[in-house]
$ cat structure_36.tsv   # TSV, C-alpha atoms and all ligand atoms
chain	number	residue	atom	x	y	z
A	1	MET	CA	-31.06	51.61	73.88
A	2	ASN	CA	-32.46	54.61	75.72
A	3	ILE	CA	-29.83	57.34	75.61
A	4	GLU	CA	-29.99	60.97	76.66
A	5	ILE	CA	-28.25	63.45	74.38
A	6	ARG	CA	-27.06	66.61	76.14
A	7	ASN	CA	-24.31	69.23	75.99
A	8	GLU	CA	-20.90	68.34	77.32
A	9	THR	CA	-20.04	70.14	80.58
A	10	GLU	CA	-16.65	70.77	82.14
A	11	LYS	CA	-17.02	67.86	84.53
A	12	ASP	CA	-17.37	65.51	81.52
A	13	PHE	CA	-14.08	66.58	79.91
A	14	ARG	CA	-11.89	63.77	81.20
A	15	GLU	CA	-14.54	61.07	80.67
A	16	VAL	CA	-15.00	62.21	77.06
A	17	GLU	CA	-11.24	62.18	76.47
A	18	GLU	CA	-11.04	58.65	77.91
A	19	LEU	CA	-13.90	57.47	75.70
A	20	THR	CA	-12.38	59.07	72.62
A	21	ARG	CA	-9.11	57.28	73.36
A	22	GLU	CA	-10.93	53.97	73.75
A	23	ALA	CA	-12.86	54.46	70.48
A	24	PHE	CA	-9.82	55.39	68.36
A	25	TRP	CA	-7.04	53.37	69.99
A	26	ASN	CA	-5.03	51.49	67.30
A	27	LEU	CA	-7.77	52.20	64.74
A	28	TYR	CA	-5.80	54.31	62.24
A	29	PHE	CA	-2.25	53.80	63.54
A	30	PRO	CA	-0.73	52.30	66.68
A	31	GLY	CA	-2.16	54.38	69.54
A	32	CYS	CA	-4.24	57.45	68.67
A	33	ASN	CA	-4.26	61.25	68.99
A	34	GLU	CA	-8.00	62.05	68.83
A	35	HIS	CA	-8.26	62.48	72.62
A	36	TYR	CA	-5.64	65.21	72.37
A	37	LEU	CA	-7.57	66.82	69.52
A	38	VAL	CA	-10.70	66.84	71.72
A	39	HIS	CA	-8.66	68.46	74.50
A	40	GLN	CA	-7.36	71.17	72.16
A	41	MET	CA	-10.64	71.84	70.38
A	42	ARG	CA	-12.62	73.05	73.37
A	43	ASN	CA	-10.49	76.19	73.76
A	44	HIS	CA	-10.17	76.96	70.08
A	45	PRO	CA	-12.06	79.94	68.60
A	46	ASP	CA	-13.49	77.72	65.84
A	47	PHE	CA	-15.09	75.32	68.35
A	48	ILE	CA	-18.92	75.24	68.34
A	49	LYS	CA	-19.88	74.79	71.98
A	50	GLU	CA	-23.61	74.32	71.27
A	51	LEU	CA	-22.83	71.25	69.15
A	52	ASP	CA	-20.50	69.60	71.64
A	53	LEU	CA	-22.81	66.75	72.69
A	54	VAL	CA	-22.56	63.62	74.74
A	55	ALA	CA	-24.79	60.56	74.72
A	56	GLU	CA	-25.46	59.29	78.21
A	57	TYR	CA	-26.73	55.81	79.08
A	58	ASN	CA	-27.54	54.97	82.70
A	59	GLY	CA	-25.39	57.88	83.91
A	60	LYS	CA	-22.37	56.85	81.79
A	61	ILE	CA	-21.12	58.81	78.81
A	62	VAL	CA	-21.03	56.37	75.88
A	63	GLY	CA	-20.68	58.75	72.92
A	64	ASN	CA	-19.55	62.23	71.91
A	65	ILE	CA	-19.59	64.47	68.86
A	66	MET	CA	-17.77	67.77	68.41
A	67	TYR	CA	-18.07	70.41	65.71
A	68	THR	CA	-15.86	73.23	64.49
A	69	LYS	CA	-16.33	76.02	62.03
A	70	ALA	CA	-15.07	75.31	58.52
A	71	TRP	CA	-15.31	77.17	55.23
A	72	LEU	CA	-16.24	76.75	51.60
A	73	ILE	CA	-14.38	79.13	49.33
A	74	ASP	CA	-15.75	80.04	45.93
A	75	GLU	CA	-13.79	80.91	42.78
A	76	ALA	CA	-13.83	84.60	43.66
A	77	GLY	CA	-12.28	83.81	47.05
A	78	GLN	CA	-15.47	84.50	49.02
A	79	GLU	CA	-15.84	82.36	52.12
A	80	LEU	CA	-19.04	80.64	53.20
A	81	GLU	CA	-18.88	79.55	56.85
A	82	ILE	CA	-20.01	75.96	57.25
A	83	LEU	CA	-19.39	73.21	59.83
A	84	SER	CA	-17.29	70.12	60.19
A	85	PHE	CA	-17.46	67.46	62.87
A	86	GLY	CA	-15.06	65.03	64.44
A	87	PRO	CA	-14.04	63.29	66.44
A	88	LEU	CA	-17.24	61.26	66.67
A	89	SER	CA	-16.72	58.53	69.22
A	90	VAL	CA	-18.74	55.73	70.75
A	91	LEU	CA	-17.31	53.46	73.44
A	92	PRO	CA	-16.44	50.15	71.71
A	93	GLU	CA	-18.80	48.08	73.91
A	94	TYR	CA	-21.72	50.38	72.98
A	95	GLN	CA	-21.09	50.51	69.23
A	96	ARG	CA	-23.62	49.24	66.64
A	97	ARG	CA	-26.54	50.15	68.87
A	98	GLY	CA	-27.52	53.42	67.24
A	99	VAL	CA	-25.57	55.88	69.43
A	100	GLY	CA	-23.38	57.29	66.65
A	101	SER	CA	-26.37	57.69	64.34
A	102	ALA	CA	-28.35	59.45	67.07
A	103	LEU	CA	-25.53	61.97	67.60
A	104	VAL	CA	-25.21	62.66	63.87
A	105	ASP	CA	-28.98	62.97	63.36
A	106	HIS	CA	-29.43	65.23	66.39
A	107	THR	CA	-26.65	67.63	65.37
A	108	LYS	CA	-27.67	67.64	61.68
A	109	ILE	CA	-31.05	69.04	62.68
A	110	ALA	CA	-29.45	71.52	65.11
A	111	ALA	CA	-27.03	72.72	62.41
A	112	GLN	CA	-29.88	73.20	59.96
A	113	LYS	CA	-31.77	75.27	62.54
A	114	MET	CA	-28.63	77.39	62.97
A	115	GLY	CA	-28.89	78.21	59.25
A	116	ILE	CA	-25.79	76.21	58.29
A	117	LYS	CA	-25.74	75.38	54.57
A	118	CYS	CA	-23.37	72.43	54.55
A	119	ILE	CA	-21.35	70.02	56.70
A	120	VAL	CA	-18.06	68.71	55.32
A	121	ILE	CA	-16.01	66.04	57.06
A	122	TYR	CA	-13.18	63.62	56.52
A	123	GLY	CA	-14.58	60.20	57.33
A	124	ASP	CA	-15.37	56.70	56.19
A	125	PRO	CA	-18.19	56.68	53.59
A	126	ASN	CA	-19.42	53.45	55.22
A	127	ASN	CA	-20.27	55.48	58.31
A	128	TYR	CA	-21.76	58.58	56.72
A	129	CYS	CA	-23.44	57.92	53.36
A	130	LYS	CA	-26.36	56.43	55.31
A	131	HIS	CA	-26.78	59.91	56.85
A	132	GLY	CA	-26.99	61.62	53.46
A	133	PHE	CA	-23.31	62.51	53.00
A	134	LYS	CA	-21.93	62.36	49.48
A	135	SER	CA	-18.46	62.58	48.04
A	136	GLY	CA	-17.34	66.21	47.89
A	137	LYS	CA	-16.98	65.66	44.14
A	138	ASP	CA	-20.72	65.10	43.79
A	139	LEU	CA	-21.36	68.54	45.30
A	140	ASN	CA	-18.51	70.22	43.41
A	141	ILE	CA	-16.46	70.63	46.59
A	142	SER	CA	-12.73	69.93	46.38
A	143	ASP	CA	-9.98	70.21	48.95
A	144	MET	CA	-7.73	73.29	48.91
A	145	ASN	CA	-5.54	71.61	46.25
A	146	GLY	CA	-8.49	71.18	43.90
A	147	GLU	CA	-8.57	67.41	44.52
A	148	TYR	CA	-11.35	65.12	45.69
A	149	PRO	CA	-10.20	62.88	48.54
A	150	HIS	CA	-12.15	59.65	48.90
A	151	ALA	CA	-12.75	60.49	52.57
A	152	MET	CA	-13.94	64.07	52.04
A	153	LEU	CA	-17.70	63.90	52.42
A	154	ALA	CA	-20.30	66.63	52.26
A	155	LEU	CA	-23.86	66.96	53.41
A	156	ALA	CA	-25.82	69.78	51.77
A	157	LEU	CA	-28.32	71.23	54.23
A	158	ASP	CA	-29.31	73.87	51.69
A	159	GLU	CA	-28.66	72.64	48.16
A	160	GLN	CA	-29.71	75.96	46.60
A	161	ALA	CA	-26.97	77.79	48.48
A	162	LEU	CA	-24.27	75.52	47.07
A	163	ALA	CA	-25.47	74.91	43.54
A	164	GLY	CA	-23.99	76.26	40.38
A	165	GLN	CA	-20.35	76.78	41.32
A	166	PRO	CA	-17.26	74.92	42.49
A	167	TRP	CA	-16.03	75.24	46.08
A	168	LYS	CA	-12.88	74.49	48.00
A	169	PHE	CA	-13.09	73.15	51.53
A	170	LYS	CA	-10.95	74.70	54.26
A	171	TYR	CA	-10.94	73.09	57.69
A	172	SER	CA	-10.05	74.69	61.00
A	173	ASP	CA	-6.36	74.83	61.89
A	174	VAL	CA	-7.23	73.16	65.22
A	175	CYS	CA	-7.11	69.91	63.21
A	176	ASN	CA	-3.37	70.35	62.60
A	177	ILE	CA	-2.23	68.85	65.85
A	178	ASN	CA	1.36	68.29	66.81
A	179	ASP	CA	2.18	64.57	67.09
A	180	ALA	CA	4.81	65.07	69.81
A	181	ASP	CA	2.36	67.11	71.91
A	182	ALA	CA	-0.28	64.41	71.44
A	183	GLU	CA	2.22	61.76	72.55
A	184	GLU	CA	3.07	63.79	75.64
A	185	PHE	CA	-0.62	64.31	76.45
A	186	ASP	CA	-1.26	60.56	76.22
A	187	LYS	CA	1.21	59.99	79.07
A	188	GLY	CA	-1.46	61.39	81.42
A	189	PHE	CA	-3.68	58.38	80.68
A	190	SER	CA	-3.42	54.80	81.87
A	191	PRO	CA	-0.87	52.73	79.92
A	192	LYS	CA	-2.35	51.02	76.89
A	193	GLU	CA	-0.63	48.75	74.42
A	194	LYS	CA	-0.05	50.08	70.92
A	195	GLY	CA	-0.44	47.55	68.18
A	196	TYR	CA	-1.54	46.65	64.68
A	197	LYS	CA	-5.13	46.29	63.51
A	198	TYR	CA	-6.02	45.71	59.86
A	199	SER	CA	-8.13	48.90	60.02
A	200	GLN	CA	-4.77	50.72	59.87
A	201	ASP	CA	-4.19	49.37	56.37
A	202	ILE	CA	-7.74	50.26	55.29
A	203	PHE	CA	-7.08	53.79	56.56
A	204	SER	CA	-3.70	53.97	54.86
A	205	ILE	CA	-5.33	53.05	51.53
A	206	ALA	CA	-8.25	55.42	52.09
A	207	ILE	CA	-6.14	58.51	52.79
A	208	ARG	CA	-4.19	57.97	49.54
A	209	SER	CA	-7.37	57.58	47.48
A	210	TYR	CA	-8.89	60.34	45.36
A	211	LEU	CA	-11.85	60.55	43.00
A	212	LYS	CA	-11.01	61.48	39.42
A	301	LIG	C1	-18.12	55.16	63.83
A	301	LIG	C2	-18.91	55.17	65.14
A	301	LIG	C3	-18.95	56.56	65.71
A	301	LIG	C4	-20.33	54.68	64.83
A	301	LIG	O1	-21.06	54.69	66.04
A	301	LIG	P1	-22.13	53.53	66.35
A	301	LIG	O2	-22.83	53.92	67.58
A	301	LIG	O3	-21.43	52.22	66.33
A	301	LIG	O4	-23.05	53.67	65.06
A	301	LIG	P2	-24.53	53.10	64.88
A	301	LIG	O5	-24.81	52.04	65.88
A	301	LIG	O6	-25.44	54.25	64.81
A	301	LIG	O7	-24.42	52.47	63.44
A	301	LIG	C5	-23.47	51.45	63.21
A	301	LIG	C6	-24.13	50.23	62.65
A	301	LIG	O8	-24.91	49.61	63.67
A	301	LIG	C7	-26.22	49.35	63.16
A	301	LIG	N1	-27.15	49.41	64.29
A	301	LIG	C8	-27.69	50.52	64.84
A	301	LIG	N2	-28.51	50.18	65.84
A	301	LIG	C9	-28.46	48.84	65.95
A	301	LIG	C10	-29.06	47.90	66.81
A	301	LIG	N3	-29.88	48.29	67.78
A	301	LIG	N4	-28.76	46.60	66.63
A	301	LIG	C11	-27.92	46.21	65.65
A	301	LIG	N5	-27.31	47.05	64.81
A	301	LIG	C12	-27.58	48.34	64.95
A	301	LIG	C13	-26.44	50.43	62.16
A	301	LIG	O9	-27.44	50.08	61.23
A	301	LIG	C14	-25.10	50.50	61.52
A	301	LIG	O10	-24.94	49.46	60.60
A	301	LIG	P3	-24.29	49.71	59.18
A	301	LIG	O11	-22.95	50.40	59.44
A	301	LIG	O12	-24.13	48.36	58.62
A	301	LIG	O13	-25.24	50.61	58.45
A	301	LIG	C15	-18.29	54.19	66.19
A	301	LIG	O14	-18.23	52.91	65.61
A	301	LIG	C16	-16.91	54.60	66.66
A	301	LIG	O15	-16.77	55.33	67.64
A	301	LIG	N6	-15.87	54.10	65.95
A	301	LIG	C17	-14.51	54.38	66.33
A	301	LIG	C18	-14.15	55.82	66.04
A	301	LIG	C19	-14.51	56.23	64.62
A	301	LIG	O16	-14.24	55.52	63.66
A	301	LIG	N7	-15.14	57.42	64.51
A	301	LIG	C20	-15.57	57.95	63.25
A	301	LIG	C21	-14.45	58.51	62.48
A	301	LIG	S1	-14.83	58.52	60.72

$ encode --input "structure_36.tsv" --output "structure tokens" --more "lines below"
Ligand SMILES: CC(C)(COP(=O)(O)OP(=O)(O)OC[C@H]1O[C@@H](n2cnc3c(N)ncnc32)[C@H](O)[C@@H]1OP(=O)(O)O)[C@@H](O)C(=O)NCCC(=O)NCCS
Amino acid sequence: MNIEIRNETEKDFREVEELTREAFWNLYFPGCNEHYLVHQMRNHPDFIKELDLVAEYNGKIVGNIMYTKAWLIDEAGQELEILSFGPLSVLPEYQRRGVGSALVDHTKIAAQKMGIKCIVIYGDPNNYCKHGFKSGKDLNISDMNGEYPHAMLALALDEQALAGQPWKFKYSDVCNINDADAEEFDKGFSPKEKGYKYSQDIFSIAIRSYLK
């Protein structure tokens, strides 16, 4: 599949929100809020505009990835600015054709060129270990509570810079979206039926799972 990867522009905003909604709808819970997160992220100071990319196929946007600043905090309280990404979305009918991988690979290289030492995300290991991500625990990175969530994954772009000490991961506050606001935002989209998918149970188990 011959896709073009380019920066998102303002005229793409609605199309990207629609595609995000399609990708996440009913995946983690009935409905979704990731399209609202996308909408909020673009105006947030932690948003990394250069890494806001779309994958285009025959003039149609089929995928998108967005990054924000995040931080690793050492035991002395010193912050190292790193990156986090998400949402990462591919239109359901274009999934499993390499689009998601192309967006991750492209931005990994771009982040490395920007001198970023590490990318930490919350995601499904099935999607990201193939791109070199490891459990935070394997890189001595915990969440702010000192715990190691199953879904907290880290990619060291500069292993030397991380080695030898424990870190805590702090994500951008843009991720703390208000559910009622997201619900209100969704009313601006075409009606779509909320329902159950077994992926919701997989997600529910995953977010309560921690490494010892
Ligand atoms: C997760 C997501 C972004 C992955 O995007 P994608 O474009 O489907 O990913 P890829 O096609 O690169 O890889 C998916 C699988 O397709 C396979 N694949 C890639 N190109 C292929 C091709 N041409 N033919 C057949 N299979 C192919 C990959 O090997 C991979 O298989 P694996 O998971 O068994 O290793 C996408 O499925 C999505 O938007 N999901 C809903 C939202 C979501 O979950 N986002 C991530 C939050 S953690």

$ closest_atom_pairs --input "structure_36.tsv" --of "chain A" --to "ligand LIG 301 (chain A)" --cutoff "6 Å" --atoms "all atoms listed in the file" --output "Markdown table"
| residue | atom | partner | partner_atom | distance |
| --- | --- | --- | --- | --- |
| A:Ala23 | CA | A:LIG301 | C17 | 4.5 |
| A:Phe24 | CA | A:LIG301 | C18 | 4.9 |
| A:Leu88 | CA | A:LIG301 | N7 | 4.9 |
| A:Ser89 | CA | A:LIG301 | O15 | 3.6 |
| A:Val90 | CA | A:LIG301 | O15 | 3.7 |
| A:Gln95 | CA | A:LIG301 | O3 | 3.4 |
| A:Arg96 | CA | A:LIG301 | O5 | 3.1 |
| A:Arg97 | CA | A:LIG301 | N2 | 3.6 |
| A:Gly98 | CA | A:LIG301 | O6 | 3.3 |
| A:Val99 | CA | A:LIG301 | O2 | 3.8 |
| A:Gly100 | CA | A:LIG301 | O1 | 3.5 |
| A:Ser101 | CA | A:LIG301 | O6 | 3.6 |
| A:Gly123 | CA | A:LIG301 | S1 | 3.8 |
| A:Asp124 | CA | A:LIG301 | S1 | 4.9 |
| A:Asn127 | CA | A:LIG301 | O11 | 5.9 |

$ closest_atom_pairs --input "structure_36.tsv" --of "segment 150-180 of chain A" --to "segment 38-50 of chain A" --cutoff "9 Å" --atoms "only C-alpha atoms" --output "Markdown table"
| residue | atom | partner | partner_atom | distance |
| --- | --- | --- | --- | --- |
| A:Ser172 | CA | A:Asp46 | CA | 6.7 |
| A:Asp173 | CA | A:Asp46 | CA | 8.6 |
| A:Val174 | CA | A:Met41 | CA | 6.3 |
| A:Cys175 | CA | A:Met41 | CA | 8.2 |
| A:Ile177 | CA | A:Gln40 | CA | 8.5 |

$ closest_residue --input "structure_36.tsv" --among "A:Ala110, A:Val54, A:Leu37, A:Val120" --to "Asp143 of chain A" --atoms "only C-alpha atoms"
A:Val120

$ atom_distance --input "structure_36.tsv" --atom1 "atom CA of Ile202 of chain A" --atom2 "atom CA of Ala102 of chain A"
25.5 Å

$ axis_aligned_box --input "structure_36.tsv" --around "segment 30-43 of chain A" --padding-each-side "4 Å" --output "AutoDock Vina command-line options"
--center_x -6.7 --center_y 64.2 --center_z 70.6 --size_x 19.9 --size_y 31.9 --size_z 15.8

$ atom_distance --input "structure_36.tsv" --atom1 "atom CA of Asn126 of chain A" --atom2 "atom CA of His150 of chain A"
11.5 Å

$ atom_distance --input "structure_36.tsv" --atom1 "atom CA of Gly115 of chain A" --atom2 "atom CA of Thr20 of chain A"
28.6 Å

$ closest_residue --input "structure_36.tsv" --among "A:Gln112, A:Ser199, A:Ser204, A:Ser84" --to "Glu159 of chain A" --atoms "all atoms listed in the file"
A:Gln112
